[in-house]
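Structure file input23.cif with mmCIF, C-alpha atoms:
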data_coords
#
loop_
_atom_site.group_PDB
_atom_site.id
_atom_site.type_symbol
_atom_site.label_atom_id
_atom_site.label_comp_id
_atom_site.auth_asym_id
_atom_site.auth_seq_id
_atom_site.Cartn_x
_atom_site.Cartn_y
_atom_site.Cartn_z
ATOM 1 C CA MET A 1 58.529 114.228 11.888
ATOM 2 C CA PRO A 2 60.526 113.240 14.975
ATOM 3 C CA PRO A 3 64.302 113.155 14.542
ATOM 4 C CA ILE A 4 65.828 109.718 14.214
ATOM 5 C CA ASP A 5 67.326 108.710 17.547
ATOM 6 C CA LEU A 6 70.052 106.070 17.648
ATOM 7 C CA SER A 7 71.080 106.702 21.256
ATOM 8 C CA GLY A 8 72.457 103.544 22.848
ATOM 9 C CA ARG A 9 72.931 101.830 19.502
ATOM 10 C CA VAL A 10 76.294 100.585 18.270
ATOM 11 C CA ALA A 11 76.921 101.013 14.547
ATOM 12 C CA LEU A 12 79.828 99.745 12.448
ATOM 13 C CA VAL A 13 80.505 101.391 9.086
ATOM 14 C CA THR A 14 83.071 99.914 6.696
ATOM 15 C CA GLY A 15 84.813 102.122 4.180
ATOM 16 C CA ALA A 16 84.284 105.036 6.533
ATOM 17 C CA SER A 17 87.422 107.074 5.917
ATOM 18 C CA ARG A 18 85.798 109.297 3.290
ATOM 19 C CA GLY A 19 82.932 109.779 0.852
ATOM 20 C CA ILE A 20 79.643 107.985 1.441
ATOM 21 C CA GLY A 21 80.952 105.970 4.393
ATOM 22 C CA LEU A 22 82.151 109.030 6.276
ATOM 23 C CA ALA A 23 78.861 110.827 5.571
ATOM 24 C CA ILE A 24 76.943 107.853 6.974
ATOM 25 C CA ALA A 25 79.135 107.862 10.066
ATOM 26 C CA HIS A 26 78.383 111.564 10.570
ATOM 27 C CA ARG A 27 74.635 110.941 10.312
ATOM 28 C CA PHE A 28 74.813 108.090 12.837
ATOM 29 C CA ALA A 29 76.919 110.095 15.252
ATOM 30 C CA ALA A 30 74.554 113.058 15.032
ATOM 31 C CA ALA A 31 71.681 110.682 15.801
ATOM 32 C CA GLY A 32 73.404 109.631 19.035
ATOM 33 C CA ALA A 33 74.914 106.276 18.089
ATOM 34 C CA THR A 34 78.291 104.927 19.099
ATOM 35 C CA VAL A 35 79.987 104.648 15.716
ATOM 36 C CA LEU A 36 82.826 102.327 14.816
ATOM 37 C CA LEU A 37 84.717 103.495 11.756
ATOM 38 C CA ASN A 38 86.486 100.924 9.617
ATOM 39 C CA ALA A 39 88.662 101.400 6.572
ATOM 40 C CA ARG A 40 91.863 99.877 5.277
ATOM 41 C CA GLU A 41 93.731 103.008 6.196
ATOM 42 C CA ILE A 42 92.126 105.176 8.820
ATOM 43 C CA GLY A 43 93.542 106.945 11.830
ATOM 44 C CA GLU A 44 92.606 109.140 14.734
ATOM 45 C CA GLU A 45 92.642 112.175 12.431
ATOM 46 C CA SER A 46 89.184 111.104 11.249
ATOM 47 C CA LEU A 47 87.836 112.096 14.656
ATOM 48 C CA GLY A 48 88.590 115.705 13.771
ATOM 49 C CA THR A 49 85.719 115.765 11.305
ATOM 50 C CA PHE A 50 83.182 115.139 14.099
ATOM 51 C CA ALA A 51 81.761 117.514 16.687
ATOM 52 C CA GLU A 52 83.482 117.205 20.064
ATOM 53 C CA ASP A 53 80.599 115.444 21.822
ATOM 54 C CA GLU A 54 80.204 113.062 18.876
ATOM 55 C CA ALA A 55 83.915 112.233 18.703
ATOM 56 C CA GLN A 56 83.663 110.732 22.195
ATOM 57 C CA ARG A 57 81.363 108.087 20.730
ATOM 58 C CA ILE A 58 83.607 107.253 17.765
ATOM 59 C CA ARG A 59 86.033 104.318 17.647
ATOM 60 C CA ILE A 60 88.539 103.598 14.883
ATOM 61 C CA LEU A 61 88.908 99.993 13.676
ATOM 62 C CA PRO A 62 91.372 99.846 10.776
ATOM 63 C CA GLY A 63 91.607 96.728 8.600
ATOM 64 C CA ASP A 64 90.825 95.176 5.247
ATOM 65 C CA VAL A 65 87.398 93.549 5.593
ATOM 66 C CA GLY A 66 87.900 91.834 2.250
ATOM 67 C CA ARG A 67 90.053 89.406 4.247
ATOM 68 C CA PRO A 68 87.979 86.927 6.256
ATOM 69 C CA ASP A 69 90.341 86.837 9.225
ATOM 70 C CA THR A 70 90.344 90.641 9.475
ATOM 71 C CA ALA A 71 86.549 90.813 9.254
ATOM 72 C CA ARG A 72 86.285 88.276 12.086
ATOM 73 C CA ASP A 73 88.811 90.180 14.192
ATOM 74 C CA ILE A 74 86.937 93.430 13.748
ATOM 75 C CA VAL A 75 83.622 91.936 14.850
ATOM 76 C CA ARG A 76 85.385 90.234 17.741
ATOM 77 C CA THR A 77 86.782 93.627 18.764
ATOM 78 C CA VAL A 78 83.285 95.094 18.621
ATOM 79 C CA PHE A 79 82.093 92.249 20.852
ATOM 80 C CA SER A 80 84.852 92.766 23.415
ATOM 81 C CA SER A 81 84.592 96.559 23.453
ATOM 82 C CA SER A 82 80.854 97.108 23.104
ATOM 83 C CA GLY A 83 79.237 93.723 23.723
ATOM 84 C CA ARG A 84 76.681 94.346 21.027
ATOM 85 C CA LEU A 85 76.213 95.450 17.431
ATOM 86 C CA ASP A 86 72.943 96.999 16.320
ATOM 87 C CA ILE A 87 73.796 98.388 12.900
ATOM 88 C CA LEU A 88 76.236 97.255 10.228
ATOM 89 C CA VAL A 89 76.791 99.247 7.055
ATOM 90 C CA ASN A 90 78.790 97.347 4.450
ATOM 91 C CA ASN A 91 80.083 100.265 2.427
ATOM 92 C CA ALA A 92 83.718 99.381 1.687
ATOM 93 C CA GLY A 93 84.275 99.538 -2.034
ATOM 94 C CA ILE A 94 86.648 100.329 -4.837
ATOM 95 C CA MET A 95 86.020 101.009 -8.502
ATOM 96 C CA ARG A 96 88.089 99.740 -11.423
ATOM 97 C CA THR A 97 86.838 100.543 -14.898
ATOM 98 C CA GLY A 98 87.986 98.726 -18.011
ATOM 99 C CA LEU A 99 86.678 97.317 -21.239
ATOM 100 C CA ILE A 100 86.076 93.579 -21.488
ATOM 101 C CA GLY A 101 89.311 91.856 -22.428
ATOM 102 C CA MET A 102 91.416 94.550 -20.802
ATOM 103 C CA ILE A 103 90.751 93.888 -17.137
ATOM 104 C CA SER A 104 93.663 92.472 -15.169
ATOM 105 C CA ASP A 105 93.342 89.438 -12.915
ATOM 106 C CA VAL A 106 94.561 91.590 -10.048
ATOM 107 C CA ASP A 107 91.745 94.088 -10.585
ATOM 108 C CA VAL A 108 89.156 91.295 -10.729
ATOM 109 C CA ALA A 109 90.348 89.845 -7.423
ATOM 110 C CA GLU A 110 90.696 93.207 -5.671
ATOM 111 C CA VAL A 111 87.264 94.474 -6.667
ATOM 112 C CA LEU A 112 85.456 91.244 -5.803
ATOM 113 C CA ASP A 113 87.263 90.904 -2.459
ATOM 114 C CA THR A 114 86.767 94.505 -1.400
ATOM 115 C CA ASN A 115 83.246 95.054 -2.683
ATOM 116 C CA LEU A 116 81.567 91.655 -2.383
ATOM 117 C CA ALA A 117 83.547 89.193 -0.274
ATOM 118 C CA SER A 118 83.741 91.829 2.463
ATOM 119 C CA VAL A 119 79.939 91.914 2.653
ATOM 120 C CA ILE A 120 79.811 88.137 3.026
ATOM 121 C CA HIS A 121 82.592 87.997 5.614
ATOM 122 C CA MET A 122 81.144 90.817 7.690
ATOM 123 C CA THR A 123 77.579 89.485 7.490
ATOM 124 C CA GLN A 124 78.716 86.040 8.625
ATOM 125 C CA SER A 125 80.446 87.376 11.712
ATOM 126 C CA ALA A 126 78.188 90.302 12.546
ATOM 127 C CA ALA A 127 74.923 88.390 12.252
ATOM 128 C CA ARG A 128 75.875 86.122 15.145
ATOM 129 C CA LEU A 129 76.521 89.111 17.377
ATOM 130 C CA MET A 130 73.432 90.951 16.150
ATOM 131 C CA ALA A 131 71.225 87.920 16.756
ATOM 132 C CA ARG A 132 71.433 88.640 20.483
ATOM 133 C CA THR A 133 69.601 91.964 20.193
ATOM 134 C CA GLY A 134 68.256 92.147 16.644
ATOM 135 C CA GLY A 135 69.591 94.768 14.275
ATOM 136 C CA SER A 136 69.868 96.225 10.828
ATOM 137 C CA ILE A 137 72.362 95.554 8.069
ATOM 138 C CA VAL A 138 72.553 98.044 5.222
ATOM 139 C CA ASN A 139 74.642 97.160 2.191
ATOM 140 C CA VAL A 140 75.830 99.734 -0.311
ATOM 141 C CA SER A 141 75.264 98.431 -3.825
ATOM 142 C CA SER A 142 75.028 100.611 -6.934
ATOM 143 C CA VAL A 143 72.695 101.427 -9.775
ATOM 144 C CA VAL A 144 75.116 99.582 -12.057
ATOM 145 C CA GLY A 145 74.650 96.463 -9.955
ATOM 146 C CA VAL A 146 70.998 96.514 -10.915
ATOM 147 C CA LYS A 147 71.161 97.964 -14.423
ATOM 148 C CA GLY A 148 74.746 97.335 -15.598
ATOM 149 C CA ALA A 149 77.067 99.766 -17.357
ATOM 150 C CA ALA A 150 79.612 99.466 -20.142
ATOM 151 C CA GLY A 151 83.180 99.473 -18.910
ATOM 152 C CA GLN A 152 82.218 98.266 -15.447
ATOM 153 C CA LEU A 153 82.111 94.489 -15.836
ATOM 154 C CA VAL A 154 83.744 93.656 -12.517
ATOM 155 C CA TYR A 155 82.411 96.588 -10.499
ATOM 156 C CA ALA A 156 78.851 95.937 -11.706
ATOM 157 C CA ALA A 157 79.199 92.214 -10.979
ATOM 158 C CA SER A 158 80.410 92.935 -7.459
ATOM 159 C CA LYS A 159 77.521 95.311 -6.818
ATOM 160 C CA ALA A 160 75.001 92.855 -8.321
ATOM 161 C CA GLY A 161 76.438 90.248 -5.978
ATOM 162 C CA ILE A 162 75.616 92.542 -3.082
ATOM 163 C CA VAL A 163 71.993 92.583 -4.222
ATOM 164 C CA GLY A 164 71.896 88.770 -4.118
ATOM 165 C CA ALA A 165 73.624 88.668 -0.754
ATOM 166 C CA THR A 166 71.163 91.221 0.616
ATOM 167 C CA LEU A 167 68.132 89.258 -0.529
ATOM 168 C CA ALA A 168 69.493 85.939 0.745
ATOM 169 C CA ALA A 169 70.554 87.331 4.106
ATOM 170 C CA SER A 170 67.242 89.134 4.596
ATOM 171 C CA LYS A 171 65.378 85.844 4.320
ATOM 172 C CA GLU A 172 67.717 83.911 6.581
ATOM 173 C CA LEU A 173 68.136 86.566 9.254
ATOM 174 C CA ALA A 174 64.552 87.853 9.546
ATOM 175 C CA PRO A 175 63.622 85.173 12.128
ATOM 176 C CA LYS A 176 66.491 86.464 14.274
ATOM 177 C CA GLY A 177 65.152 90.018 14.189
ATOM 178 C CA ILE A 178 67.817 91.249 11.799
ATOM 179 C CA ARG A 179 66.692 93.324 8.824
ATOM 180 C CA VAL A 180 68.892 93.420 5.722
ATOM 181 C CA ASN A 181 68.485 96.030 3.012
ATOM 182 C CA ALA A 182 70.643 97.777 0.448
ATOM 183 C CA VAL A 183 70.888 101.155 -1.157
ATOM 184 C CA ALA A 184 71.791 101.433 -4.815
ATOM 185 C CA PRO A 185 73.299 104.889 -5.329
ATOM 186 C CA GLY A 186 73.394 106.388 -8.785
ATOM 187 C CA TYR A 187 75.908 109.004 -9.826
ATOM 188 C CA ILE A 188 77.175 110.455 -6.557
ATOM 189 C CA LYS A 189 79.894 113.103 -6.377
ATOM 190 C CA THR A 190 82.764 111.362 -4.593
ATOM 191 C CA ASP A 191 86.485 110.836 -5.023
ATOM 192 C CA MET A 192 85.655 107.433 -6.505
ATOM 193 C CA THR A 193 83.342 108.699 -9.252
ATOM 194 C CA SER A 194 85.846 111.433 -10.082
ATOM 195 C CA GLN A 195 87.803 108.612 -11.750
ATOM 196 C CA LEU A 196 85.189 108.556 -14.525
ATOM 197 C CA GLY A 197 86.160 110.313 -17.743
ATOM 198 C CA ASP A 198 84.431 113.484 -18.980
ATOM 199 C CA GLU A 199 82.311 111.570 -21.488
ATOM 200 C CA ALA A 200 81.075 109.076 -18.897
ATOM 201 C CA ARG A 201 80.368 111.890 -16.442
ATOM 202 C CA THR A 202 78.343 113.823 -19.037
ATOM 203 C CA GLN A 203 76.370 110.720 -19.977
ATOM 204 C CA ALA A 204 75.648 110.019 -16.323
ATOM 205 C CA LEU A 205 74.339 113.524 -15.691
ATOM 206 C CA GLU A 206 72.084 113.416 -18.770
ATOM 207 C CA ALA A 207 70.523 110.192 -17.472
ATOM 208 C CA ILE A 208 69.429 111.664 -14.122
ATOM 209 C CA SER A 209 65.758 112.681 -14.048
ATOM 210 C CA LEU A 210 66.245 115.090 -11.147
ATOM 211 C CA GLY A 211 68.922 116.848 -13.184
ATOM 212 C CA ARG A 212 71.772 116.852 -10.685
ATOM 213 C CA PRO A 213 74.358 114.445 -9.340
ATOM 214 C CA GLY A 214 73.686 112.988 -5.924
ATOM 215 C CA SER A 215 75.607 113.987 -2.820
ATOM 216 C CA VAL A 216 77.026 111.714 -0.171
ATOM 217 C CA ASP A 217 74.428 113.153 2.221
ATOM 218 C CA ASP A 218 71.628 112.025 -0.108
ATOM 219 C CA VAL A 219 72.873 108.464 0.317
ATOM 220 C CA ALA A 220 73.604 108.823 4.028
ATOM 221 C CA ASP A 221 70.018 109.932 4.727
ATOM 222 C CA ALA A 222 68.649 106.848 2.979
ATOM 223 C CA VAL A 223 71.033 104.617 4.954
ATOM 224 C CA LEU A 224 70.040 106.351 8.197
ATOM 225 C CA PHE A 225 66.400 105.541 7.447
ATOM 226 C CA LEU A 226 67.156 101.873 6.751
ATOM 227 C CA ALA A 227 69.354 101.583 9.838
ATOM 228 C CA SER A 228 66.775 103.091 12.172
ATOM 229 C CA ASP A 229 63.471 101.890 13.563
ATOM 230 C CA MET A 230 61.743 104.165 11.048
ATOM 231 C CA SER A 231 62.145 101.241 8.645
ATOM 232 C CA ARG A 232 61.268 98.570 11.227
ATOM 233 C CA TYR A 233 58.947 96.736 8.768
ATOM 234 C CA VAL A 234 61.324 96.962 5.803
ATOM 235 C CA THR A 235 63.664 94.121 4.872
ATOM 236 C CA GLY A 236 64.972 92.561 1.678
ATOM 237 C CA GLN A 237 64.705 95.833 -0.254
ATOM 238 C CA ILE A 238 67.093 97.514 -2.660
ATOM 239 C CA LEU A 239 66.475 101.256 -2.407
ATOM 240 C CA GLY A 240 67.605 103.259 -5.412
ATOM 241 C CA VAL A 241 69.181 106.575 -4.427
ATOM 242 C CA ASP A 242 69.780 107.760 -7.945
ATOM 243 C CA GLY A 243 67.613 110.798 -8.688
ATOM 244 C CA GLY A 244 65.574 108.742 -11.136
ATOM 245 C CA MET A 245 68.578 107.614 -13.165
ATOM 246 C CA ILE A 246 67.764 105.819 -16.385
ATOM 247 C CA ILE A 247 70.556 103.671 -17.796
ATOM 248 C CA MET B 248 79.680 74.431 36.809
ATOM 249 C CA SER B 249 82.072 72.431 34.603
ATOM 250 C CA VAL B 250 82.611 73.208 30.931
ATOM 251 C CA GLN B 251 80.808 69.984 30.090
ATOM 252 C CA ASP B 252 77.769 71.033 32.121
ATOM 253 C CA ARG B 253 77.756 74.502 30.556
ATOM 254 C CA VAL B 254 77.943 73.010 27.065
ATOM 255 C CA PHE B 255 75.128 70.627 27.921
ATOM 256 C CA ALA B 256 73.029 73.519 29.200
ATOM 257 C CA ALA B 257 73.434 75.179 25.806
ATOM 258 C CA PHE B 258 72.433 71.958 24.032
ATOM 259 C CA ARG B 259 69.393 71.641 26.283
ATOM 260 C CA GLU B 260 68.323 75.202 25.553
ATOM 261 C CA ALA B 261 69.020 75.133 21.800
ATOM 262 C CA LEU B 262 67.993 71.593 20.878
ATOM 263 C CA ASP B 263 65.492 70.608 23.597
ATOM 264 C CA VAL B 264 67.752 67.818 24.794
ATOM 265 C CA GLU B 265 66.494 65.826 27.793
ATOM 266 C CA ASP B 266 68.641 65.691 30.914
ATOM 267 C CA GLY B 267 69.197 61.929 30.955
ATOM 268 C CA ILE B 268 70.172 61.512 27.324
ATOM 269 C CA ASP B 269 73.208 59.455 26.333
ATOM 270 C CA ARG B 270 75.448 62.358 25.251
ATOM 271 C CA SER B 271 77.220 60.204 22.640
ATOM 272 C CA ARG B 272 73.944 60.356 20.700
ATOM 273 C CA LEU B 273 74.398 64.108 20.209
ATOM 274 C CA VAL B 274 75.897 64.137 16.728
ATOM 275 C CA TYR B 275 75.339 66.822 14.091
ATOM 276 C CA ARG B 276 72.722 65.793 11.494
ATOM 277 C CA ASP B 277 72.274 62.484 13.324
ATOM 278 C CA TYR B 278 70.341 63.803 16.307
ATOM 279 C CA ALA B 279 66.961 64.884 14.896
ATOM 280 C CA GLU B 280 66.902 68.470 16.202
ATOM 281 C CA TRP B 281 70.562 69.138 15.346
ATOM 282 C CA THR B 282 69.960 70.402 11.806
ATOM 283 C CA SER B 283 71.885 73.207 10.098
ATOM 284 C CA ILE B 284 69.400 75.715 11.531
ATOM 285 C CA GLY B 285 69.618 74.052 14.938
ATOM 286 C CA HIS B 286 73.390 74.289 14.673
ATOM 287 C CA MET B 287 73.314 78.080 14.478
ATOM 288 C CA THR B 288 70.852 78.194 17.390
ATOM 289 C CA LEU B 289 73.284 76.020 19.322
ATOM 290 C CA VAL B 290 76.192 78.305 18.422
ATOM 291 C CA ALA B 291 74.233 81.317 19.671
ATOM 292 C CA ALA B 292 73.437 79.495 22.923
ATOM 293 C CA LEU B 293 77.094 78.552 23.413
ATOM 294 C CA GLU B 294 78.253 82.089 22.666
ATOM 295 C CA THR B 295 75.802 83.444 25.220
ATOM 296 C CA GLU B 296 76.709 80.823 27.829
ATOM 297 C CA PHE B 297 80.444 81.468 27.440
ATOM 298 C CA ASP B 298 80.097 85.180 26.600
ATOM 299 C CA THR B 299 82.326 84.829 23.566
ATOM 300 C CA MET B 300 82.314 84.679 19.780
ATOM 301 C CA LEU B 301 83.305 81.464 18.055
ATOM 302 C CA ASP B 302 85.621 81.281 15.080
ATOM 303 C CA THR B 303 83.983 80.054 11.890
ATOM 304 C CA ASN B 304 86.362 77.083 11.768
ATOM 305 C CA ASP B 305 85.251 76.035 15.242
ATOM 306 C CA ILE B 306 81.596 76.367 14.256
ATOM 307 C CA LEU B 307 82.185 74.112 11.264
ATOM 308 C CA ALA B 308 84.178 71.614 13.335
ATOM 309 C CA MET B 309 81.543 71.270 16.055
ATOM 310 C CA SER B 310 80.150 67.930 14.955
ATOM 311 C CA SER B 311 79.334 66.247 18.264
ATOM 312 C CA PHE B 312 78.808 66.970 21.936
ATOM 313 C CA ASP B 313 82.319 65.771 22.779
ATOM 314 C CA LYS B 314 83.798 67.974 20.061
ATOM 315 C CA ALA B 315 81.786 70.921 21.363
ATOM 316 C CA VAL B 316 83.200 70.353 24.852
ATOM 317 C CA GLU B 317 86.717 70.165 23.416
ATOM 318 C CA ILE B 318 86.243 73.433 21.528
ATOM 319 C CA MET B 319 84.530 75.305 24.337
ATOM 320 C CA THR B 320 87.211 74.240 26.813
ATOM 321 C CA ARG B 321 89.614 76.395 24.808
ATOM 322 C CA TYR B 322 87.283 79.390 24.971
ATOM 323 C CA ALA B 323 86.658 78.888 28.683
ATOM 324 C CA ALA B 324 90.402 78.973 29.292
ATOM 325 C CA ASN B 325 90.785 82.370 27.559
#
Write-out of the structure in structure tokens:
Amino acid sequence: MPPIDLSGRVALVTGASRGIGLAIAHRFAAAGATVLLNAREIGEESLGTFAEDEAQRIRILPGDVGRPDTARDIVRTVFSSSGRLDILVNNAGIMRTGLIGMISDVDVAEVLDTNLASVIHMTQSAARLMARTGGSIVNVSSVVGVKGAAGQLVYAASKAGIVGATLAASKELAPKGIRVNAVAPGYIKTDMTSQLGDEARTQALEAISLGRPGSVDDVADAVLFLASDMSRYVTGQILGVDGGMII
Amino acid sequence: MSVQDRVFAAFREALDVEDGIDRSRLVYRDYAEWTSIGHMTLVAALETEFDTMLDTNDILAMSSFDKAVEIMTRYAAN
């Protein structure tokens, strides 16, 4: 199989300071893309995690993409600095767990803004830039957005919203040569899932057919496929990256 | 080329507008080809013509040819 080549492509990854987002950025950089890293708090120190030749193709774009004005500014910066955008990965996300009746209004707003509104804001702005060349948008949903999970009312709703946004955008943007897909990771070992309690973690592991938790690289490889021309005839799909998780 | 001519060129490309048309007839949802889909095609044509990206508020406010000229004059000045 030939290696995936993203030379000459410009890719923007939100939530790229760590975890799945950073792993995706590493995959893109290794494939030759110019990679724009976004996160609420991200600095030049992130460049240190990349090989020297890759770091020359990395740009840092800090900002909260859950805010519409920030999302617009970031895409505008991409336009002025690169003139094009070929790949957008909407990965920014936070998790707040809580039983129904015990979820604060602040948590509801923060999770929906960060996880879902950011996807809408970024898609609105990025699609206009991408329409000039065609492109690929990959959204990071979750298995709980498709299947649900107790204690994750808001998080699951935000990730289910991403599924709807993906399907709607794929239909509207296909005539412009823009593919829109999502991955739905299962239980992936990250800082975010480390917030889960021991009981929830044990239950999650027992539900995985492949018998192990996923890694950020497992997800990044799936995103790399959807971002590249290897998936040129794939749009409007939600790809489970969950090791056969049954919940 | 004036801003007005550049805006008209985008209208002609996006909405198949004829050269001699009375430009006051170019009103969103009133002119047959200027539908919601046509609007986004027009926005893309304007962004290409002026090599810029429009703010969402400007896209929503662009309801006529004259309004488009008013908006794009700001972008041309920047």
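You can rank B:Asp252, B:Glu294, B:Asp269, B:Glu317 by their closest distance to chain A using all atoms listed in the file, and at the top of that list sits B:Glu294.
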Could you pull the residues within 6 Å of range 12-25 of chain A, counting all atoms listed in the file, minus those fewer than 3 positions along the same chain, as a count of residues only?
-> 15
Result set, the PyMOL selection byres ((chain B) within 10 of (chain A)) on current file, as a PDB file with C-alpha atoms, in the frame of the given file:
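Output contents, as saved in part_14.pdb:
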ATOM      1  CA  ILE B 284      69.400  75.715  11.531  1.00  0.00           C
ATOM      2  CA  MET B 287      73.314  78.080  14.478  1.00  0.00           C
ATOM      3  CA  THR B 288      70.852  78.194  17.390  1.00  0.00           C
ATOM      4  CA  VAL B 290      76.192  78.305  18.422  1.00  0.00           C
ATOM      5  CA  ALA B 291      74.233  81.317  19.671  1.00  0.00           C
ATOM      6  CA  ALA B 292      73.437  79.495  22.923  1.00  0.00           C
ATOM      7  CA  GLU B 294      78.253  82.089  22.666  1.00  0.00           C
ATOM      8  CA  THR B 295      75.802  83.444  25.220  1.00  0.00           C
ATOM      9  CA  ASP B 298      80.097  85.180  26.600  1.00  0.00           C
ATOM     10  CA  THR B 299      82.326  84.829  23.566  1.00  0.00           C
ATOM     11  CA  MET B 300      82.314  84.679  19.780  1.00  0.00           C
ATOM     12  CA  LEU B 301      83.305  81.464  18.055  1.00  0.00           C
ATOM     13  CA  ASP B 302      85.621  81.281  15.080  1.00  0.00           C
ATOM     14  CA  THR B 303      83.983  80.054  11.890  1.00  0.00           C
TER      15      THR B 303
END
Min atom-atom distance to Leu262 in chain B from the set B:Asp277, B:Leu289, B:Val250, B:Asp305, counting all atoms listed in the file, belongs to B:Leu289
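Counting all atoms listed in the file, the residue from B:Phe312, B:Ser249, B:Ala324, B:Phe297 that sits nearest to Val264 in chain B is B:Phe312.
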How many Å lie between CA of Lys147 in chain A and CA of Ile103 in chain A, rounded to one decimal?
->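 Taking CA of Lys147 in chain A as the start and CA of Ile103 in chain A as the end point, the length is 20.2 Å.
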Would you mind putting back N, CA, C and O atoms on range 280-295 of chain B, then writing it out as a PDB file, in the frame of the given file?
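See selection.pdb below for the written result:
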ATOM      1  N   GLU B 280      67.039  67.008  16.105  1.00  0.00           N
ATOM      2  CA  GLU B 280      66.902  68.470  16.202  1.00  0.00           C
ATOM      3  C   GLU B 280      68.171  69.212  15.779  1.00  0.00           C
ATOM      4  O   GLU B 280      68.148  70.419  15.579  1.00  0.00           O
ATOM      5  N   TRP B 281      69.292  68.474  15.669  1.00  0.00           N
ATOM      6  CA  TRP B 281      70.562  69.138  15.346  1.00  0.00           C
ATOM      7  C   TRP B 281      70.731  69.247  13.825  1.00  0.00           C
ATOM      8  O   TRP B 281      71.554  68.591  13.222  1.00  0.00           O
ATOM      9  N   THR B 282      69.905  70.099  13.235  1.00  0.00           N
ATOM     10  CA  THR B 282      69.960  70.402  11.806  1.00  0.00           C
ATOM     11  C   THR B 282      70.903  71.589  11.596  1.00  0.00           C
ATOM     12  O   THR B 282      71.475  72.107  12.559  1.00  0.00           O
ATOM     13  N   SER B 283      71.025  72.045  10.358  1.00  0.00           N
ATOM     14  CA  SER B 283      71.885  73.207  10.098  1.00  0.00           C
ATOM     15  C   SER B 283      71.330  74.453  10.799  1.00  0.00           C
ATOM     16  O   SER B 283      72.095  75.277  11.317  1.00  0.00           O
ATOM     17  N   ILE B 284      69.995  74.573  10.827  1.00  0.00           N
ATOM     18  CA  ILE B 284      69.400  75.715  11.531  1.00  0.00           C
ATOM     19  C   ILE B 284      69.600  75.555  13.035  1.00  0.00           C
ATOM     20  O   ILE B 284      69.969  76.499  13.741  1.00  0.00           O
ATOM     21  N   GLY B 285      69.393  74.325  13.520  1.00  0.00           N
ATOM     22  CA  GLY B 285      69.618  74.052  14.938  1.00  0.00           C
ATOM     23  C   GLY B 285      71.060  74.318  15.335  1.00  0.00           C
ATOM     24  O   GLY B 285      71.336  74.744  16.458  1.00  0.00           O
ATOM     25  N   HIS B 286      71.969  74.082  14.394  1.00  0.00           N
ATOM     26  CA  HIS B 286      73.390  74.289  14.673  1.00  0.00           C
ATOM     27  C   HIS B 286      73.670  75.761  15.001  1.00  0.00           C
ATOM     28  O   HIS B 286      74.404  76.062  15.942  1.00  0.00           O
ATOM     29  N   MET B 287      73.079  76.658  14.223  1.00  0.00           N
ATOM     30  CA  MET B 287      73.314  78.080  14.478  1.00  0.00           C
ATOM     31  C   MET B 287      72.640  78.525  15.783  1.00  0.00           C
ATOM     32  O   MET B 287      73.142  79.410  16.480  1.00  0.00           O
ATOM     33  N   THR B 288      71.495  77.900  16.103  1.00  0.00           N
ATOM     34  CA  THR B 288      70.852  78.194  17.390  1.00  0.00           C
ATOM     35  C   THR B 288      71.750  77.726  18.534  1.00  0.00           C
ATOM     36  O   THR B 288      71.916  78.410  19.551  1.00  0.00           O
ATOM     37  N   LEU B 289      72.359  76.553  18.321  1.00  0.00           N
ATOM     38  CA  LEU B 289      73.284  76.020  19.322  1.00  0.00           C
ATOM     39  C   LEU B 289      74.502  76.933  19.484  1.00  0.00           C
ATOM     40  O   LEU B 289      74.929  77.223  20.615  1.00  0.00           O
ATOM     41  N   VAL B 290      75.036  77.406  18.368  1.00  0.00           N
ATOM     42  CA  VAL B 290      76.192  78.305  18.422  1.00  0.00           C
ATOM     43  C   VAL B 290      75.838  79.572  19.214  1.00  0.00           C
ATOM     44  O   VAL B 290      76.608  80.021  20.071  1.00  0.00           O
ATOM     45  N   ALA B 291      74.665  80.111  18.947  1.00  0.00           N
ATOM     46  CA  ALA B 291      74.233  81.317  19.671  1.00  0.00           C
ATOM     47  C   ALA B 291      74.119  81.036  21.164  1.00  0.00           C
ATOM     48  O   ALA B 291      74.527  81.862  21.998  1.00  0.00           O
ATOM     49  N   ALA B 292      73.590  79.855  21.509  1.00  0.00           N
ATOM     50  CA  ALA B 292      73.437  79.495  22.923  1.00  0.00           C
ATOM     51  C   ALA B 292      74.811  79.337  23.590  1.00  0.00           C
ATOM     52  O   ALA B 292      75.018  79.771  24.730  1.00  0.00           O
ATOM     53  N   LEU B 293      75.737  78.721  22.865  1.00  0.00           N
ATOM     54  CA  LEU B 293      77.094  78.552  23.413  1.00  0.00           C
ATOM     55  C   LEU B 293      77.787  79.899  23.572  1.00  0.00           C
ATOM     56  O   LEU B 293      78.471  80.142  24.582  1.00  0.00           O
ATOM     57  N   GLU B 294      77.613  80.773  22.579  1.00  0.00           N
ATOM     58  CA  GLU B 294      78.253  82.089  22.666  1.00  0.00           C
ATOM     59  C   GLU B 294      77.698  82.884  23.841  1.00  0.00           C
ATOM     60  O   GLU B 294      78.434  83.614  24.511  1.00  0.00           O
ATOM     61  N   THR B 295      76.405  82.748  24.080  1.00  0.00           N
ATOM     62  CA  THR B 295      75.802  83.444  25.220  1.00  0.00           C
ATOM     63  C   THR B 295      76.292  82.844  26.535  1.00  0.00           C
ATOM     64  O   THR B 295      76.680  83.565  27.462  1.00  0.00           O
TER      65      THR B 295
END
